[in-house]
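Undergrad: Below is work25.cif; it holds mmCIF, C-alpha atoms.
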data_input
loop_
_atom_site.label_atom_id
_atom_site.label_comp_id
_atom_site.auth_asym_id
_atom_site.auth_seq_id
_atom_site.Cartn_x
_atom_site.Cartn_y
_atom_site.Cartn_z
CA MET Z 1 -82.59 84.95 -115.20
CA LYS Z 2 -81.01 81.72 -116.41
CA LEU Z 3 -82.83 78.44 -115.83
CA GLY Z 4 -81.43 74.94 -115.52
CA THR Z 5 -82.50 71.56 -114.18
CA GLY Z 6 -81.28 68.34 -112.52
CA LEU Z 7 -80.07 67.09 -110.16
CA PHE Z 8 -79.49 63.84 -112.00
CA THR Z 9 -78.63 61.20 -109.38
CA ALA Z 10 -79.47 57.83 -111.03
CA GLN Z 11 -81.09 56.46 -107.88
CA ARG Z 12 -83.28 53.36 -107.79
CA ARG Z 13 -85.93 53.20 -105.11
CA PRO Z 14 -86.29 49.90 -103.18
CA ASP Z 15 -89.47 49.08 -105.09
CA GLY Z 16 -87.81 49.76 -108.46
CA ASP Z 17 -86.70 47.06 -110.87
CA ARG Z 18 -84.77 49.01 -113.50
CA GLU Z 19 -81.13 48.21 -114.21
CA PRO Z 20 -78.51 50.78 -113.18
CA SER Z 21 -77.47 51.14 -116.83
CA ASP Z 22 -81.03 52.21 -117.66
CA LEU Z 23 -80.91 54.91 -115.00
CA TYR Z 24 -77.66 56.26 -116.43
CA ASP Z 25 -79.20 56.18 -119.89
CA ASP Z 26 -81.91 58.41 -118.41
CA VAL Z 27 -79.26 60.88 -117.24
CA LEU Z 28 -77.90 61.14 -120.76
CA ARG Z 29 -81.33 61.37 -122.34
CA LEU Z 30 -82.41 64.08 -119.91
CA THR Z 31 -79.22 65.98 -120.72
CA ARG Z 32 -80.17 65.94 -124.40
CA GLU Z 33 -83.75 66.91 -123.60
CA THR Z 34 -82.55 69.78 -121.41
CA GLU Z 35 -80.58 71.19 -124.32
CA ASP Z 36 -83.39 70.55 -126.82
CA ALA Z 37 -85.83 72.35 -124.52
CA GLY Z 38 -83.71 75.51 -124.62
CA LEU Z 39 -82.73 75.48 -120.96
CA ASP Z 40 -79.39 76.84 -119.83
CA SER Z 41 -77.88 74.06 -117.73
CA ALA Z 42 -77.99 70.46 -116.48
CA TRP Z 43 -76.58 69.29 -113.14
CA VAL Z 44 -75.57 66.21 -111.19
CA SER Z 45 -74.95 65.64 -107.50
CA GLU Z 46 -72.76 63.25 -105.51
CA HIS Z 47 -72.96 60.80 -102.63
CA HIS Z 48 -71.33 57.48 -101.85
CA PHE Z 49 -72.18 54.01 -100.51
CA ALA Z 50 -75.94 54.53 -100.88
CA GLU Z 51 -78.11 51.43 -101.19
CA ASP Z 52 -80.14 53.11 -103.92
CA GLY Z 53 -77.04 53.79 -106.04
CA TYR Z 54 -76.99 57.59 -105.62
CA LEU Z 55 -74.58 58.88 -108.27
CA SER Z 56 -70.98 58.79 -107.05
CA GLY Z 57 -68.97 59.16 -110.28
CA THR Z 58 -69.54 62.87 -110.75
CA LEU Z 59 -66.81 63.75 -113.24
CA PRO Z 60 -67.23 60.63 -115.43
CA THR Z 61 -70.95 61.38 -115.68
CA LEU Z 62 -70.31 65.01 -116.56
CA GLY Z 63 -67.88 63.85 -119.25
CA ALA Z 64 -70.63 61.72 -120.78
CA MET Z 65 -73.06 64.64 -120.52
CA ALA Z 66 -70.53 66.83 -122.32
CA ALA Z 67 -70.58 64.40 -125.24
CA GLU Z 68 -74.40 64.46 -125.32
CA SER Z 69 -74.70 68.25 -125.54
CA ASP Z 70 -73.25 71.21 -127.41
CA ARG Z 71 -74.50 74.37 -125.73
CA ILE Z 72 -75.68 74.01 -122.14
CA GLU Z 73 -73.65 74.55 -119.01
CA ILE Z 74 -73.03 71.28 -117.17
CA GLY Z 75 -71.99 71.04 -113.57
CA SER Z 76 -71.87 69.44 -110.15
CA CYS Z 77 -74.25 70.72 -107.52
CA VAL Z 78 -72.39 69.63 -105.57
CA ALA Z 79 -69.28 67.46 -105.52
CA LEU Z 80 -67.89 66.66 -102.07
CA GLY Z 81 -64.61 68.56 -102.19
CA PRO Z 82 -62.83 67.23 -99.08
CA LEU Z 83 -63.13 63.62 -100.29
CA TYR Z 84 -61.11 64.20 -103.49
CA ASP Z 85 -57.46 63.77 -104.24
CA PRO Z 86 -56.78 67.32 -105.49
CA ILE Z 87 -54.54 66.33 -108.42
CA ARG Z 88 -57.08 63.88 -109.79
CA LEU Z 89 -59.88 66.40 -109.33
CA ALA Z 90 -57.89 69.09 -111.15
CA GLU Z 91 -57.04 66.68 -113.99
CA ASP Z 92 -60.55 65.24 -114.34
CA ALA Z 93 -62.32 68.60 -114.17
CA ALA Z 94 -59.98 70.08 -116.77
CA THR Z 95 -60.58 67.05 -118.99
CA VAL Z 96 -64.37 67.47 -118.78
CA ASP Z 97 -63.98 71.17 -119.44
CA LEU Z 98 -62.00 70.41 -122.62
CA LEU Z 99 -64.53 67.78 -123.72
CA SER Z 100 -67.34 70.29 -123.26
CA ASP Z 101 -65.47 73.21 -124.86
CA GLY Z 102 -65.48 75.23 -121.66
CA ARG Z 103 -69.00 74.49 -120.42
CA LEU Z 104 -68.16 72.94 -117.03
CA THR Z 105 -68.96 74.56 -113.69
CA LEU Z 106 -67.48 72.79 -110.67
CA GLY Z 107 -69.76 73.06 -107.66
CA LEU Z 108 -68.21 71.97 -104.36
CA ALA Z 109 -69.29 71.67 -100.74
CA ILE Z 110 -67.85 70.39 -97.48
CA GLY Z 111 -70.05 67.29 -97.19
CA SER Z 112 -71.76 65.92 -94.11
CA ASN Z 113 -72.33 62.18 -94.00
CA PRO Z 114 -70.08 60.57 -91.35
CA ARG Z 115 -69.77 57.24 -93.20
CA GLU Z 116 -68.44 58.92 -96.34
CA PHE Z 117 -65.67 60.58 -94.36
CA ASP Z 118 -64.88 57.41 -92.41
CA VAL Z 119 -64.56 55.23 -95.51
CA PHE Z 120 -62.50 57.82 -97.40
CA ASP Z 121 -60.36 58.18 -94.24
CA VAL Z 122 -60.79 61.94 -94.15
CA PRO Z 123 -61.26 63.60 -90.74
CA ARG Z 124 -64.74 65.10 -90.77
CA GLU Z 125 -63.69 67.91 -88.46
CA GLU Z 126 -61.26 69.13 -91.17
CA ARG Z 127 -63.83 69.34 -93.95
CA ALA Z 128 -64.23 73.14 -94.04
CA GLU Z 129 -60.49 73.72 -93.94
CA ARG Z 130 -59.90 71.09 -96.62
CA LEU Z 131 -62.40 72.74 -98.95
CA ALA Z 132 -60.82 76.16 -98.36
CA ASP Z 133 -57.45 74.58 -99.18
CA LEU Z 134 -58.75 72.81 -102.29
CA VAL Z 135 -59.92 75.88 -104.19
CA PRO Z 136 -56.53 77.65 -104.45
CA PHE Z 137 -54.93 74.28 -105.21
CA LEU Z 138 -57.23 73.92 -108.23
CA ARG Z 139 -56.50 77.49 -109.34
CA GLY Z 140 -52.79 76.78 -109.17
CA ALA Z 141 -53.15 73.46 -110.98
CA TRP Z 142 -55.05 75.07 -113.85
CA SER Z 143 -52.70 78.04 -114.26
CA GLU Z 144 -49.84 77.95 -116.72
CA GLY Z 145 -46.60 76.53 -115.48
CA SER Z 146 -46.01 74.82 -112.15
CA LEU Z 147 -48.49 74.46 -109.29
CA GLU Z 148 -46.88 77.01 -106.96
CA TYR Z 149 -49.32 76.24 -104.14
CA ASP Z 150 -48.27 74.56 -100.91
CA SER Z 151 -51.28 72.59 -99.69
CA ALA Z 152 -51.83 72.23 -95.97
CA PHE Z 153 -53.31 68.74 -96.43
CA HIS Z 154 -51.62 67.18 -99.45
CA ASP Z 155 -47.91 66.63 -99.95
CA VAL Z 156 -47.57 67.73 -103.56
CA PRO Z 157 -44.39 69.37 -104.94
CA THR Z 158 -45.08 72.99 -105.85
CA ASP Z 159 -42.90 72.74 -108.96
CA VAL Z 160 -45.05 70.08 -110.64
CA SER Z 161 -47.11 71.08 -113.66
CA ILE Z 162 -50.54 69.45 -113.65
CA THR Z 163 -52.13 68.76 -117.02
CA PRO Z 164 -54.33 69.21 -118.93
CA LYS Z 165 -55.22 72.86 -118.52
CA PRO Z 166 -58.87 73.92 -118.97
CA THR Z 167 -60.21 75.53 -122.13
CA ASP Z 168 -59.86 79.14 -120.96
CA GLY Z 169 -57.24 78.53 -118.31
CA ASP Z 170 -59.79 78.05 -115.52
CA VAL Z 171 -63.02 76.28 -114.55
CA PRO Z 172 -65.65 78.31 -112.67
CA ILE Z 173 -65.88 77.13 -109.05
CA VAL Z 174 -69.11 77.51 -107.08
CA LEU Z 175 -69.41 76.70 -103.39
CA GLY Z 176 -72.59 75.62 -101.63
CA GLY Z 177 -73.85 75.95 -98.07
CA ALA Z 178 -76.25 78.10 -96.06
CA ALA Z 179 -74.30 78.87 -92.88
CA LYS Z 180 -72.60 82.26 -92.70
CA PRO Z 181 -69.03 80.86 -92.82
CA ALA Z 182 -69.92 78.81 -95.93
CA VAL Z 183 -71.54 81.76 -97.69
CA ARG Z 184 -68.62 84.05 -96.91
CA ARG Z 185 -66.12 81.40 -97.96
CA ALA Z 186 -67.87 81.23 -101.32
CA ALA Z 187 -67.83 85.01 -101.60
CA ARG Z 188 -64.09 85.25 -100.85
CA ILE Z 189 -62.56 82.39 -102.82
CA ALA Z 190 -65.07 81.11 -105.40
CA ASP Z 191 -66.69 82.39 -108.57
CA GLY Z 192 -70.18 81.93 -107.17
CA TRP Z 193 -72.43 80.67 -104.41
CA CYS Z 194 -75.26 78.13 -104.61
CA ALA Z 195 -78.25 78.59 -102.31
CA PRO Z 196 -79.58 75.25 -101.03
CA SER Z 197 -83.25 74.41 -101.42
CA ALA Z 198 -84.00 74.68 -97.70
CA LEU Z 199 -83.68 78.48 -97.81
CA SER Z 200 -86.65 80.78 -98.28
CA VAL Z 201 -86.58 83.62 -100.79
CA GLU Z 202 -85.81 86.03 -97.96
CA GLY Z 203 -83.09 83.71 -96.65
CA VAL Z 204 -81.46 83.68 -100.08
CA ARG Z 205 -81.78 87.47 -100.42
CA LYS Z 206 -80.01 88.14 -97.11
CA ARG Z 207 -77.15 85.83 -98.01
CA VAL Z 208 -76.79 87.33 -101.48
CA GLU Z 209 -76.43 90.75 -99.87
CA ASP Z 210 -73.71 89.29 -97.65
CA VAL Z 211 -71.94 87.78 -100.67
CA ARG Z 212 -71.93 91.14 -102.41
CA ARG Z 213 -70.66 92.98 -99.33
CA VAL Z 214 -67.82 90.52 -98.81
CA ARG Z 215 -66.78 90.59 -102.46
CA GLU Z 216 -66.76 94.39 -102.47
CA ALA Z 217 -64.67 94.45 -99.28
CA GLU Z 218 -62.25 91.95 -100.84
CA GLY Z 219 -61.86 94.20 -103.89
CA LEU Z 220 -63.21 91.57 -106.28
CA GLU Z 221 -64.29 92.76 -109.70
CA ASP Z 222 -67.84 91.39 -109.75
CA ASP Z 223 -70.62 90.08 -107.50
CA GLY Z 224 -70.02 86.47 -108.46
CA THR Z 225 -72.64 84.15 -109.90
CA ILE Z 226 -75.64 83.31 -107.75
CA TYR Z 227 -77.19 79.88 -108.24
CA VAL Z 228 -80.46 79.05 -106.50
CA LEU Z 229 -81.57 75.46 -106.03
CA GLN Z 230 -85.20 74.45 -105.47
CA HIS Z 231 -87.42 71.43 -106.10
CA GLY Z 232 -90.38 71.66 -108.45
CA TRP Z 233 -92.47 70.42 -111.34
CA VAL Z 234 -94.37 71.85 -114.30
CA GLY Z 235 -97.72 70.24 -115.10
CA ASP Z 236 -101.25 71.04 -116.20
CA SER Z 237 -102.30 72.28 -112.76
CA ARG Z 238 -100.95 72.67 -109.26
CA GLU Z 239 -102.70 69.49 -108.14
CA GLU Z 240 -101.47 67.44 -111.09
CA ALA Z 241 -97.90 68.70 -110.72
CA TRP Z 242 -97.80 67.87 -107.02
CA GLU Z 243 -99.20 64.40 -107.66
CA ALA Z 244 -96.48 63.78 -110.26
CA MET Z 245 -93.52 64.79 -108.08
CA ARG Z 246 -94.69 64.02 -104.53
CA ASP Z 247 -93.61 60.41 -103.98
CA GLY Z 248 -90.21 60.82 -105.61
CA TYR Z 249 -89.67 64.12 -103.81
CA PHE Z 250 -90.49 62.69 -100.40
CA TYR Z 251 -88.33 59.63 -101.08
CA LEU Z 252 -85.40 61.88 -102.03
CA GLN Z 253 -85.84 64.02 -98.93
CA ARG Z 254 -85.93 60.96 -96.71
CA ARG Z 255 -82.68 59.79 -98.25
CA TYR Z 256 -81.12 63.20 -97.69
CA ALA Z 257 -82.19 63.11 -94.06
CA GLU Z 258 -80.30 59.83 -93.75
CA ILE Z 259 -77.27 61.13 -95.64
CA PHE Z 260 -76.97 64.29 -93.55
CA SER Z 261 -77.54 62.57 -90.21
CA GLY Z 262 -75.88 59.24 -90.85
CA GLU Z 263 -78.93 57.55 -89.29
CA SER Z 264 -81.85 55.59 -90.75
CA VAL Z 265 -85.06 57.55 -91.46
CA ASP Z 266 -88.04 55.27 -92.06
CA GLU Z 267 -90.60 57.98 -92.75
CA LEU Z 268 -90.89 61.77 -92.87
CA GLY Z 269 -93.22 63.34 -90.33
CA GLU Z 270 -96.39 65.07 -91.48
CA GLU Z 271 -95.10 68.49 -90.43
CA ARG Z 272 -91.92 67.93 -92.42
CA LYS Z 273 -93.96 66.90 -95.45
CA ARG Z 274 -95.99 70.12 -95.18
CA GLU Z 275 -92.78 72.16 -94.98
CA LEU Z 276 -91.38 70.46 -98.05
CA LYS Z 277 -94.56 71.06 -100.03
CA GLU Z 278 -94.47 74.74 -99.10
CA GLN Z 279 -90.83 75.03 -100.22
CA ALA Z 280 -91.33 73.43 -103.63
CA ILE Z 281 -92.24 75.33 -106.80
CA PHE Z 282 -94.85 73.45 -108.80
CA GLY Z 283 -97.98 73.94 -110.85
CA ALA Z 284 -99.07 75.03 -114.30
CA PRO Z 285 -96.45 77.02 -116.27
CA GLU Z 286 -97.88 80.41 -115.29
CA GLN Z 287 -97.87 79.42 -111.61
CA VAL Z 288 -94.23 78.35 -111.79
CA VAL Z 289 -93.37 81.62 -113.56
CA ASP Z 290 -95.08 83.62 -110.81
CA GLU Z 291 -93.07 81.87 -108.10
CA LEU Z 292 -89.79 82.27 -109.95
CA GLU Z 293 -90.56 85.95 -110.43
CA THR Z 294 -90.46 86.37 -106.64
CA TYR Z 295 -86.81 85.32 -106.76
CA ARG Z 296 -86.08 87.76 -109.57
CA GLU Z 297 -87.74 90.57 -107.63
CA ALA Z 298 -85.65 89.75 -104.56
CA LEU Z 299 -82.32 89.02 -106.26
CA GLY Z 300 -82.37 90.80 -109.63
CA ASP Z 301 -82.02 89.38 -113.11
CA ASP Z 302 -78.47 88.09 -112.70
CA VAL Z 303 -79.32 84.77 -111.04
CA HIS Z 304 -79.13 81.18 -112.31
CA PHE Z 305 -82.06 79.15 -111.01
CA ILE Z 306 -81.81 75.35 -110.93
CA LEU Z 307 -85.25 73.77 -110.67
CA ARG Z 308 -84.87 70.18 -109.58
CA THR Z 309 -87.18 68.02 -111.70
CA TYR Z 310 -85.41 64.65 -111.35
CA TYR Z 311 -87.00 62.33 -108.77
CA PRO Z 312 -86.15 58.67 -108.18
CA GLY Z 313 -88.92 56.37 -109.37
CA VAL Z 314 -90.80 59.01 -111.34
CA ASP Z 315 -91.65 57.95 -114.89
CA THR Z 316 -88.92 58.97 -117.33
CA GLU Z 317 -91.39 60.23 -119.94
CA GLY Z 318 -93.01 62.39 -117.28
CA MET Z 319 -89.65 63.95 -116.42
CA VAL Z 320 -88.93 64.55 -120.11
CA ASP Z 321 -92.29 66.27 -120.52
CA CYS Z 322 -91.65 68.39 -117.43
CA VAL Z 323 -88.23 69.48 -118.74
CA HIS Z 324 -89.75 70.55 -122.05
CA ARG Z 325 -92.56 72.47 -120.39
CA LEU Z 326 -89.96 74.19 -118.24
CA GLY Z 327 -87.99 75.17 -121.34
CA ASP Z 328 -90.88 75.89 -123.69
CA GLU Z 329 -93.41 77.54 -121.39
CA VAL Z 330 -91.57 78.84 -118.31
CA ALA Z 331 -88.10 79.94 -119.45
CA PRO Z 332 -89.31 82.38 -122.19
CA ALA Z 333 -91.32 84.34 -119.62
CA LEU Z 334 -88.20 84.88 -117.50
CA ARG Z 335 -85.92 86.16 -120.26
#
Re-express the file's structure as structure tokens.

TA:
Amino acid sequence: MKLGTGLFTAQRRPDGDREPSDLYDDVLRLTRETEDAGLDSAWVSEHHFAEDGYLSGTLPTLGAMAAESDRIEIGSCVALGPLYDPIRLAEDAATVDLLSDGRLTLGLAIGSNPREFDVFDVPREERAERLADLVPFLRGAWSEGSLEYDSAFHDVPTDVSITPKPTDGDVPIVLGGAAKPAVRRAARIADGWCAPSALSVEGVRKRVEDVRRVREAEGLEDDGTIYVLQHGWVGDSREEAWEAMRDGYFYLQRRYAEIFSGESVDELGEERKRELKEQAIFGAPEQVVDELETYREALGDDVHFILRTYYPGVDTEGMVDCVHRLGDEVAPALR
């Protein structure tokens, strides 16, 4: 089992007073600490027009992270595929891949927030079709020679050659989503699928089985890479770990509720808070190992787990310590 962390989002809570540049410095520092801790990967996410400054410049940030690291996989989990100009995405992703010497993984999803689609002037009802169209466009853009892909949504000549090309002629593409069409789309056209944090272990297991069935039926050579996303924290005890992550975790979940619905959410209900606490993986190192082992038992060794340890407003030194405990005390038990 591989183990990574993130999702670095550079958000500032309303009661925060730090400068945006300081928050981006944190992203770069945490990238370095992730590598120093011996973890396998570091990840960012993407949203737009958020009052708290939720990270929107996904590829520029990943380029900076590439310069701050030498070994770890870096990636988006996820970038909002339908909102991108496909040529610029192909160019920028290939550039980051070259800067990182082939360490980029491009995670994409259809997106949800109505305001993002309205401002980008992209019909929200086309988002699934646009993502399905984007993936082969990127493959064509990164292949040698001309594009040779006629996009259904973008008027780009098929004889144009888009440069640069990635390090090994391709960038791994991972698609997110929990609904059956999203999971099967990932199985058919991507290199992997990312399980969102709302899914239980059993929910992930059932979808992984579906991914493997679809890929076998499509005659694909392998099962694809399975990424699993979940929130958590490593501390001295279960109580201490929960205390450290709780406020930032609940703030982040409230913001996601607003992003996904497009409506204001003043407070999470008590039942929702209980659900979120039950979903999260936190505690002393041995407790975190035990919970991650349940995923390995259900999914096998060939899974890349992303434990989210970045929470807006949480002390930077605390997040650094958590990352090192994850790398020093949890990761060795899973390898």

Undergrad: Please write out, as JSON, where the centre of an axis-aligned box around all listed atoms of range 58-71 of chain Z lies and how long its edges are, in Å to one decimal, after adding 3 Å on each side.

TA:
{"center_x": -70.8, "center_y": 67.5, "center_z": -119.1, "size_x": 13.9, "size_y": 19.7, "size_z": 22.7}

Undergrad: Just say which residues the PyMOL selection byres ((chain Z and resi 165) around 12) picks in this file, as a ChimeraX atom specification.

TA: /Z:90-99,102,138-147,161-164,166-171

Undergrad: In terms of the shortest atom-to-atom distance over only C-alpha atoms, which of Z:Val265, Z:Ile110, Z:Val119, Z:Val314 is closest to Ala178 in chain Z?

TA: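 Of Z:Val265, Z:Ile110, Z:Val119, Z:Val314, the one nearest Ala178 in chain Z is Z:Ile110, counting only C-alpha atoms.
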
Undergrad: Could you check which of Z:Ala152, Z:Ala333, Z:Ala10, Z:Ile306 is closest to Glu129 in chain Z, using all atoms listed in the file?

TA: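 Of Z:Ala152, Z:Ala333, Z:Ala10, Z:Ile306, the one nearest Glu129 in chain Z, counting all atoms listed in the file, is Z:Ala152.
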
Undergrad: Starting from the displayed file, determine the output of the PyMOL selection byres ((chain Z and resi 320) around 10) and express the residue list as a PyMOL selection string.

TA: chain Z and resi 26+29-34+37+309-310+315-319+321-326

Undergrad: Quick check, in Å to one decimal: how far apart do CA of Phe305 in chain Z and CA of Ile74 in chain Z lie?

TA: 13.5 Å

Undergrad: Taking all atoms listed in the file into account, which of Z:Val234, Z:Ile173, Z:Ala298, Z:Leu252 comes nearest Gly283 in chain Z?

TA: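 Nearest candidate to Gly283 in chain Z out of Z:Val234, Z:Ile173, Z:Ala298, Z:Leu252: Z:Val234.
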
Undergrad: What does the distance from CA of Tyr84 in chain Z to CA of Leu59 in chain Z come to in Å, to one decimal?

TA: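 Going from CA of Tyr84 in chain Z over to CA of Leu59 in chain Z covers 11.3 Å.
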
Undergrad: Give me, please, the distance in Å between CA of Tyr227 in chain Z and CA of Gly192 in chain Z, quoted to one decimal.

TA: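 Computing it gives 7.4 Å between the two atoms.
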